Amino acid sequence: MDVRPMVPEPVPLLVACALTIEELALRSGGRGRAPGQVVTVLRSGMGPKAAERAVLRGLGTGANREAAVIASGFCAGLSPGMHPGDLVVAEETRDPRGTTPCVGTEVLAKALSAALPGRTVHTGPLIGSDHVVRGLERAELRATGAIAVDMESAATLWSAVGAGERPVAAVRVVVDAPEHELVRIGTVRGGISAFRVLRAVLPAFFEWHRSLPLPRR
C-alpha cells in the first residue's frame with residue numbers, strides 16, 4: 001500500500017479592520033486566494049480597545065488560534081506629499097505600550113505595487129492613536145518618525161503577538177493627508193478612491209501569507 005506522508009495545512013490568515021465600509025471593501029476583493037487558503041475578515045469596531053477585544057476573541061477560536069494577522073483599513077498620512085489612495089505598509093506599529101515589528105514588509109510592498117500599478121506605496125512606522133488626529137498633532141506625530149496614524153493597527157498587532165507567536169503586518173490606505181485633511185471621520189464614506197484601492201489589496205495579502213515560513217497545523 002502506498003502510504004504518503006500527510007502535508008500539514010498552513011495556518012489561516014486573519015485580516016482585521018474597524019469600519020463596516022472597510023469590511024465591505026475587503027470582503028468584495030477576494031480574488032487570488034489559493035486552494036485551501038483560509039482567510040477571515042474580522043471587523044473590530046473603532047478604537048484600540050475595541051480592536052484588542054475583537055482580535056483576542058478572533059484568535060481564541062480553534063481555527064484561528066495560530067493565524068497570521070494583518071491589520072488593514074484606512075489611515076491618516078503624516079508625510080507631506082501623501083494623497084488619498086496611497087498605500088502604507090508598516091515596518092512596525094507603535095503605541096504607548098511599545099513597538100511591534102512587522103514581518104514581510106518588502107514582500108507586501110512589492111505585491112501591492114504589482115496589484116495596484118500607479119499607486120504610491122509608502123513604508124515606515126505606523127503609529128496608533130485613540131482619537132482622530134488633526135492639525136498640529138499630526139506634525140507632532142510626524143516628528144517621531146511615523147509616516148501614518150490610525151486607531152487600531154498598533155492595538156491589533158500588539159494583541160495578536162501577545163496571544164502567541166505569529167507573523168503580523170499592517171497595510172493601510174490613506175484617506176486623509178496633510179494637504180487633504182478630513183473634516184470628520186464620517187467623510188471616509190466619500191473616499192471613493194481609497195475604497196477602490198482597499199478592494200484591491202487582498203491578492204497581495206494572499207501572496208504575503210503564502211510567502212511566509214508559517215508554522216503549520
# chains A, B, ... in the order shown; residues from 1 in each chain; ligands from 1
>>> select_by_dssp(residues="stretch 34-184 of chain A", states="strand (DSSP E or B)", output="ChimeraX atom specification")
/A:39-43,68-77,87-95,98-101,121-128,148-150,168-177,180
>>> residues_around(residues="A:Val173", least_positions_apart="3", cutoff="6 Å", atoms="only C-alpha atoms", output="number ranges by chain")
A: 74-75, 85-87
>>> write_last_selection(atoms="all heavy atoms", output="tab-separated table (two decimals), in the first residue's frame")
chain	number	residue	atom	x	y	z
A	74	PHE	N	-8.35	52.08	6.58
A	74	PHE	CA	-7.93	53.43	6.22
A	74	PHE	C	-7.01	54.03	7.28
A	74	PHE	O	-6.96	53.55	8.42
A	74	PHE	CB	-9.15	54.33	6.03
A	74	PHE	CG	-10.12	53.83	5.00
A	74	PHE	CD1	-11.46	53.67	5.29
A	74	PHE	CD2	-9.68	53.53	3.72
A	74	PHE	CE1	-12.35	53.21	4.33
A	74	PHE	CE2	-10.55	53.07	2.75
A	74	PHE	CZ	-11.90	52.91	3.06
A	75	CYS	N	-6.31	55.09	6.91
A	75	CYS	CA	-5.42	55.77	7.86
A	75	CYS	C	-5.26	57.23	7.46
A	75	CYS	O	-5.69	57.66	6.38
A	75	CYS	CB	-4.05	55.10	7.91
A	75	CYS	SG	-3.02	55.38	6.43
A	85	GLY	N	-5.67	57.46	-1.32
A	85	GLY	CA	-5.44	56.34	-2.22
A	85	GLY	C	-4.02	55.80	-2.18
A	85	GLY	O	-3.76	54.71	-2.70
A	86	ASP	N	-3.07	56.54	-1.58
A	86	ASP	CA	-1.73	55.99	-1.35
A	86	ASP	C	-1.82	54.83	-0.36
A	86	ASP	O	-2.73	54.77	0.48
A	86	ASP	CB	-0.80	57.05	-0.77
A	86	ASP	CG	-0.33	58.08	-1.79
A	86	ASP	OD1	-0.75	58.00	-2.95
A	86	ASP	OD2	0.45	58.97	-1.40
A	87	LEU	N	-0.86	53.93	-0.45
A	87	LEU	CA	-0.80	52.77	0.44
A	87	LEU	C	0.33	52.93	1.45
A	87	LEU	O	1.40	53.46	1.14
A	87	LEU	CB	-0.57	51.49	-0.36
A	87	LEU	CG	-1.78	51.04	-1.18
A	87	LEU	CD1	-1.33	50.40	-2.48
A	87	LEU	CD2	-2.63	50.08	-0.37
>>> closest_residue(among="A:Pro125, A:Pro96, A:Gly77, A:Gly104", to="A:Pro213", atoms="only C-alpha atoms")
A:Gly104
>>> closest_residue(among="A:Ala50, A:Leu14, A:Val174, A:Ala114", to="A:Gly81", atoms="only C-alpha atoms")
A:Val174
>>> residues_around(residues="A:Trp158", least_positions_apart="2", cutoff="10 Å", atoms="only C-alpha atoms", output="list in words")
Glu52, Val55, Thr93, Arg94, Asp95, Arg97, Gly98, Thr99, Thr100, Pro101, Ser153, Ala154, Ala155, Thr156, Ala160, Val161, Gly162, Ala163 and Val168 of chain A
>>> write_last_selection(atoms="N, CA, C and O atoms", output="PDB file, in the first residue's frame")
ATOM      1  N   GLU A  52      -8.473  45.474  20.303  1.00  0.00           N
ATOM      2  CA  GLU A  52      -7.853  44.474  21.173  1.00  0.00           C
ATOM      3  C   GLU A  52      -8.845  43.384  21.552  1.00  0.00           C
ATOM      4  O   GLU A  52      -8.549  42.192  21.456  1.00  0.00           O
ATOM      5  N   VAL A  55      -9.772  41.165  18.393  1.00  0.00           N
ATOM      6  CA  VAL A  55      -8.690  40.298  17.924  1.00  0.00           C
ATOM      7  C   VAL A  55      -8.470  39.137  18.886  1.00  0.00           C
ATOM      8  O   VAL A  55      -8.279  37.991  18.466  1.00  0.00           O
ATOM      9  N   THR A  93       4.541  48.845  14.132  1.00  0.00           N
ATOM     10  CA  THR A  93       3.476  49.664  14.686  1.00  0.00           C
ATOM     11  C   THR A  93       3.877  50.088  16.090  1.00  0.00           C
ATOM     12  O   THR A  93       4.604  49.370  16.790  1.00  0.00           O
ATOM     13  N   ARG A  94       3.403  51.276  16.501  1.00  0.00           N
ATOM     14  CA  ARG A  94       3.774  51.842  17.795  1.00  0.00           C
ATOM     15  C   ARG A  94       2.529  52.328  18.522  1.00  0.00           C
ATOM     16  O   ARG A  94       1.601  52.856  17.908  1.00  0.00           O
ATOM     17  N   ASP A  95       2.524  52.147  19.817  1.00  0.00           N
ATOM     18  CA  ASP A  95       1.533  52.790  20.673  1.00  0.00           C
ATOM     19  C   ASP A  95       2.178  52.967  22.050  1.00  0.00           C
ATOM     20  O   ASP A  95       3.359  52.623  22.229  1.00  0.00           O
ATOM     21  N   ARG A  97       2.211  51.338  24.606  1.00  0.00           N
ATOM     22  CA  ARG A  97       2.731  50.112  25.225  1.00  0.00           C
ATOM     23  C   ARG A  97       4.047  49.659  24.630  1.00  0.00           C
ATOM     24  O   ARG A  97       4.764  48.860  25.238  1.00  0.00           O
ATOM     25  N   GLY A  98       4.366  50.125  23.428  1.00  0.00           N
ATOM     26  CA  GLY A  98       5.625  49.711  22.820  1.00  0.00           C
ATOM     27  C   GLY A  98       5.520  49.576  21.317  1.00  0.00           C
ATOM     28  O   GLY A  98       4.606  50.106  20.682  1.00  0.00           O
ATOM     29  N   THR A  99       6.454  48.829  20.748  1.00  0.00           N
ATOM     30  CA  THR A  99       6.588  48.674  19.302  1.00  0.00           C
ATOM     31  C   THR A  99       6.419  47.213  18.916  1.00  0.00           C
ATOM     32  O   THR A  99       6.947  46.326  19.581  1.00  0.00           O
ATOM     33  N   THR A 100       5.695  46.971  17.835  1.00  0.00           N
ATOM     34  CA  THR A 100       5.531  45.620  17.298  1.00  0.00           C
ATOM     35  C   THR A 100       6.140  45.568  15.905  1.00  0.00           C
ATOM     36  O   THR A 100       5.639  46.230  14.989  1.00  0.00           O
ATOM     37  N   PRO A 101       7.228  44.813  15.701  1.00  0.00           N
ATOM     38  CA  PRO A 101       7.814  44.711  14.365  1.00  0.00           C
ATOM     39  C   PRO A 101       6.883  43.955  13.422  1.00  0.00           C
ATOM     40  O   PRO A 101       6.213  42.992  13.827  1.00  0.00           O
ATOM     41  N   SER A 153      -4.436  49.652  14.268  1.00  0.00           N
ATOM     42  CA  SER A 153      -3.370  48.725  13.840  1.00  0.00           C
ATOM     43  C   SER A 153      -2.434  48.333  14.968  1.00  0.00           C
ATOM     44  O   SER A 153      -2.116  47.157  15.152  1.00  0.00           O
ATOM     45  N   ALA A 154      -1.950  49.320  15.730  1.00  0.00           N
ATOM     46  CA  ALA A 154      -0.993  49.021  16.794  1.00  0.00           C
ATOM     47  C   ALA A 154      -1.610  48.102  17.841  1.00  0.00           C
ATOM     48  O   ALA A 154      -0.983  47.135  18.290  1.00  0.00           O
ATOM     49  N   ALA A 155      -2.854  48.381  18.231  1.00  0.00           N
ATOM     50  CA  ALA A 155      -3.530  47.533  19.220  1.00  0.00           C
ATOM     51  C   ALA A 155      -3.777  46.133  18.666  1.00  0.00           C
ATOM     52  O   ALA A 155      -3.641  45.131  19.380  1.00  0.00           O
ATOM     53  N   THR A 156      -4.122  46.059  17.392  1.00  0.00           N
ATOM     54  CA  THR A 156      -4.361  44.759  16.754  1.00  0.00           C
ATOM     55  C   THR A 156      -3.116  43.891  16.786  1.00  0.00           C
ATOM     56  O   THR A 156      -3.152  42.723  17.204  1.00  0.00           O
ATOM     57  N   ALA A 160      -2.304  40.565  18.947  1.00  0.00           N
ATOM     58  CA  ALA A 160      -2.078  39.324  18.213  1.00  0.00           C
ATOM     59  C   ALA A 160      -0.800  38.633  18.650  1.00  0.00           C
ATOM     60  O   ALA A 160      -0.773  37.423  18.899  1.00  0.00           O
ATOM     61  N   VAL A 161       0.286  39.398  18.765  1.00  0.00           N
ATOM     62  CA  VAL A 161       1.563  38.826  19.194  1.00  0.00           C
ATOM     63  C   VAL A 161       1.493  38.395  20.653  1.00  0.00           C
ATOM     64  O   VAL A 161       2.075  37.376  21.050  1.00  0.00           O
ATOM     65  N   GLY A 162       0.762  39.155  21.473  1.00  0.00           N
ATOM     66  CA  GLY A 162       0.607  38.780  22.870  1.00  0.00           C
ATOM     67  C   GLY A 162      -0.144  37.478  23.056  1.00  0.00           C
ATOM     68  O   GLY A 162       0.046  36.776  24.055  1.00  0.00           O
ATOM     69  N   ALA A 163      -0.995  37.133  22.079  1.00  0.00           N
ATOM     70  CA  ALA A 163      -1.768  35.891  22.165  1.00  0.00           C
ATOM     71  C   ALA A 163      -0.996  34.685  21.657  1.00  0.00           C
ATOM     72  O   ALA A 163      -1.479  33.554  21.739  1.00  0.00           O
ATOM     73  N   VAL A 168       2.878  39.042  11.705  1.00  0.00           N
ATOM     74  CA  VAL A 168       1.898  40.128  11.704  1.00  0.00           C
ATOM     75  C   VAL A 168       2.352  41.220  10.741  1.00  0.00           C
ATOM     76  O   VAL A 168       3.549  41.384  10.487  1.00  0.00           O
TER      77      VAL A 168
END
>>> closest_residue(among="A:Leu116, A:Leu56, A:Met82, A:Leu19", to="A:Ala200", atoms="only C-alpha atoms")
A:Leu116
>>> closest_residue(among="A:Arg43, A:Lys110, A:Arg166, A:Arg119", to="A:Arg196", atoms="only C-alpha atoms")
A:Arg119
>>> residues_around(residues="A:Leu78", least_positions_apart="4", cutoff="12 Å", atoms="only C-alpha atoms", output="ChimeraX atom specification")
/A:82-84,86,88,122,124-127,133-150,174-181
>>> atom_distance(atom1="atom CA of A:Ile21", atom2="atom CA of A:Gly73")
8.9 Å
>>> closest_residue(among="A:Leu24, A:Leu212, A:Ala115, A:Ala71", to="A:Val11", atoms="only C-alpha atoms")
A:Leu212
>>> atom_distance(atom1="atom CA of A:Val197", atom2="atom CA of A:Met151")
19.6 Å
>>> closest_residue(among="A:Thr123, A:Ser113, A:Ser44, A:Ser72", to="A:Ala90", atoms="only C-alpha atoms")
A:Thr123
>>> atom_distance(atom1="atom CA of A:Val69", atom2="atom CA of A:Leu157")
7.3 Å
>>> select_by_dssp(residues="stretch 60-188 of chain A", states="helix (DSSP H, G or I)", output="tab-separated table (two decimals) with C-alpha atoms, in the first residue's frame")
chain	number	residue	atom	x	y	z
A	105	THR	CA	7.20	44.40	4.62
A	106	GLU	CA	9.17	44.20	1.36
A	107	VAL	CA	7.08	41.29	0.09
A	108	LEU	CA	3.87	43.19	0.81
A	109	ALA	CA	5.10	46.42	-0.75
A	110	LYS	CA	6.19	44.62	-3.92
A	111	ALA	CA	2.92	42.66	-4.15
A	112	LEU	CA	0.84	45.80	-3.64
A	113	SER	CA	2.79	47.67	-6.33
A	114	ALA	CA	2.08	44.80	-8.73
A	115	ALA	CA	-1.60	44.61	-7.79
A	135	GLY	CA	-3.68	69.86	12.73
A	136	LEU	CA	-0.68	70.40	14.99
A	137	GLU	CA	-0.88	66.90	16.47
A	138	ARG	CA	-0.29	65.48	13.01
A	139	ALA	CA	3.03	67.36	12.79
A	140	GLU	CA	3.99	66.21	16.29
A	141	LEU	CA	3.45	62.57	15.35
A	142	ARG	CA	5.40	63.05	12.12
A	153	SER	CA	-3.37	48.73	13.84
A	154	ALA	CA	-0.99	49.02	16.79
A	155	ALA	CA	-3.53	47.53	19.22
A	156	THR	CA	-4.36	44.76	16.75
A	157	LEU	CA	-0.77	43.65	16.27
A	158	TRP	CA	0.19	44.07	19.93
A	159	SER	CA	-2.74	41.87	20.96
A	160	ALA	CA	-2.08	39.32	18.21
A	161	VAL	CA	1.56	38.83	19.19
A	162	GLY	CA	0.61	38.78	22.87
A	185	ILE	CA	-14.35	60.56	10.26
A	186	GLY	CA	-17.74	60.11	8.58
A	187	THR	CA	-16.39	61.61	5.37
A	188	VAL	CA	-14.44	58.38	4.89
>>> residues_around(residues="A:Leu42", least_positions_apart="2", cutoff="8 Å", atoms="only C-alpha atoms", output="ChimeraX atom specification")
/A:14-17,23,40,44,54-55,58
>>> write_last_selection(atoms="C-alpha atoms", output="compact mmCIF listing (two decimals), in the first residue's frame")
# COMPACT_ATOMS: atom_id res chain seq x y z
CA LEU A 14 -6.93 36.85 9.79
CA VAL A 15 -7.43 40.34 8.32
CA ALA A 16 -8.69 42.83 10.91
CA CYS A 17 -10.38 46.16 10.14
CA GLU A 23 -15.02 45.26 5.81
CA THR A 40 -11.12 35.52 7.78
CA SER A 44 -13.47 45.05 15.29
CA ALA A 54 -12.10 41.68 18.89
CA VAL A 55 -8.69 40.30 17.92
CA GLY A 58 -10.99 36.11 16.92
